[in-house]
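Peer 1: Before we start, here is the structure in question, set down as structure tokens.
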Amino acid sequence: MRLFSHEARQRSADTRRVFAAYEIAHTVADFIAAISFLVGSILFFWPEYETTAIWLFVVGSVFFCLKPSLRLAREVQLWRMGKIDELANRARE
């Protein structure tokens with residue numbers, strides 16, 4: 001089974017559940033990053049909030065970096081689940 005394979009996501013109820021959980025985490029990370037950048041941008045209108053705005057940009061950047069990490073972790077977990085399924089099938093034979 002290849003990484004980033006659509007079939008890996010639909011193989012079983014467990015893989016569908018894993019895929020859905022990672023999709024929720026990815027969406028939450030996307031939302032937090034976007035809100036951090038939006039609020040940080042607004043805070044730059046007032047000089048006294050500049051440090052807070054900078055920190056919100058850093059937080060947003062961290063969450064934007066988290067997004068591809070979540071996708072890779074999801075695909076590796078789905079790939080491993082496929083390998084375990086293959087081993088289980090071999091053991092039955």
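Chain labels A, B, ... are given in the sequence in which chains occur in the structure tokens; within each chain residues are numbered consecutively from 1, and ligands are likewise numbered from 1 in the order shown.
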Would you return as a PyMOL selection string the members of chain A that DSSP assigns to alpha helix (DSSP H) on this structure's backbone?

Peer 2: chain A and resi 6-9+13-43+50-92

Peer 1: List as a PyMOL selection string the protein and nucleic acid residues near Arg17 in chain A, meaning an atom at most 12 Å away when only C-alpha atoms are counted, but skip any in the same chain fewer than 6 places from it.

Peer 2: chain A and resi 8-11+23-24+74+77-78

Peer 1: Quick check, in Å to one decimal: how far apart do CA of Val39 in chain A and CA of Thr52 in chain A lie?

Peer 2: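 The value is 9.6 Å.
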
Peer 1: For a quick check of understanding, using only C-alpha atoms, which of A:Asp14, A:Gly60, A:Trp46, A:Glu7 has the smallest distance to Met81 in chain A?

Peer 2: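 Answer, going by the shortest atom-to-atom distance: A:Asp14.
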
Peer 1: May I have the residues within 12 Å of Leu56 in chain A as a VMD selection string, using only C-alpha atoms and disregarding those fewer than 6 positions away in the same chain?

Peer 2: chain A and resid 32 to 44 49 to 50 62 to 63

Peer 1: Just the selected residues (C-alpha atoms), exported as a PDB file, in the first residue's frame, please.

Peer 2:
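Below is the file part14.pdb, written as the result:
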```pdb
ATOM      1  CA  ILE A  32      -6.332  28.462  14.798  1.00  0.00           C
ATOM      2  CA  ALA A  33      -3.681  29.613  12.317  1.00  0.00           C
ATOM      3  CA  ALA A  34      -6.163  31.764  10.404  1.00  0.00           C
ATOM      4  CA  ILE A  35      -7.640  33.351  13.546  1.00  0.00           C
ATOM      5  CA  SER A  36      -4.141  34.030  14.924  1.00  0.00           C
ATOM      6  CA  PHE A  37      -3.131  35.816  11.740  1.00  0.00           C
ATOM      7  CA  LEU A  38      -6.406  37.759  11.557  1.00  0.00           C
ATOM      8  CA  VAL A  39      -6.290  38.956  15.165  1.00  0.00           C
ATOM      9  CA  GLY A  40      -2.563  39.661  14.888  1.00  0.00           C
ATOM     10  CA  SER A  41      -3.146  41.755  11.773  1.00  0.00           C
ATOM     11  CA  ILE A  42      -5.860  43.783  13.499  1.00  0.00           C
ATOM     12  CA  LEU A  43      -3.680  44.359  16.567  1.00  0.00           C
ATOM     13  CA  PHE A  44      -0.992  45.978  14.401  1.00  0.00           C
ATOM     14  CA  TYR A  49      -0.299  45.741  20.939  1.00  0.00           C
ATOM     15  CA  GLU A  50       2.566  45.159  18.516  1.00  0.00           C
ATOM     16  CA  VAL A  62       3.420  27.107  14.165  1.00  0.00           C
ATOM     17  CA  PHE A  63      -0.081  25.890  13.330  1.00  0.00           C
TER      18      PHE A  63
END
```
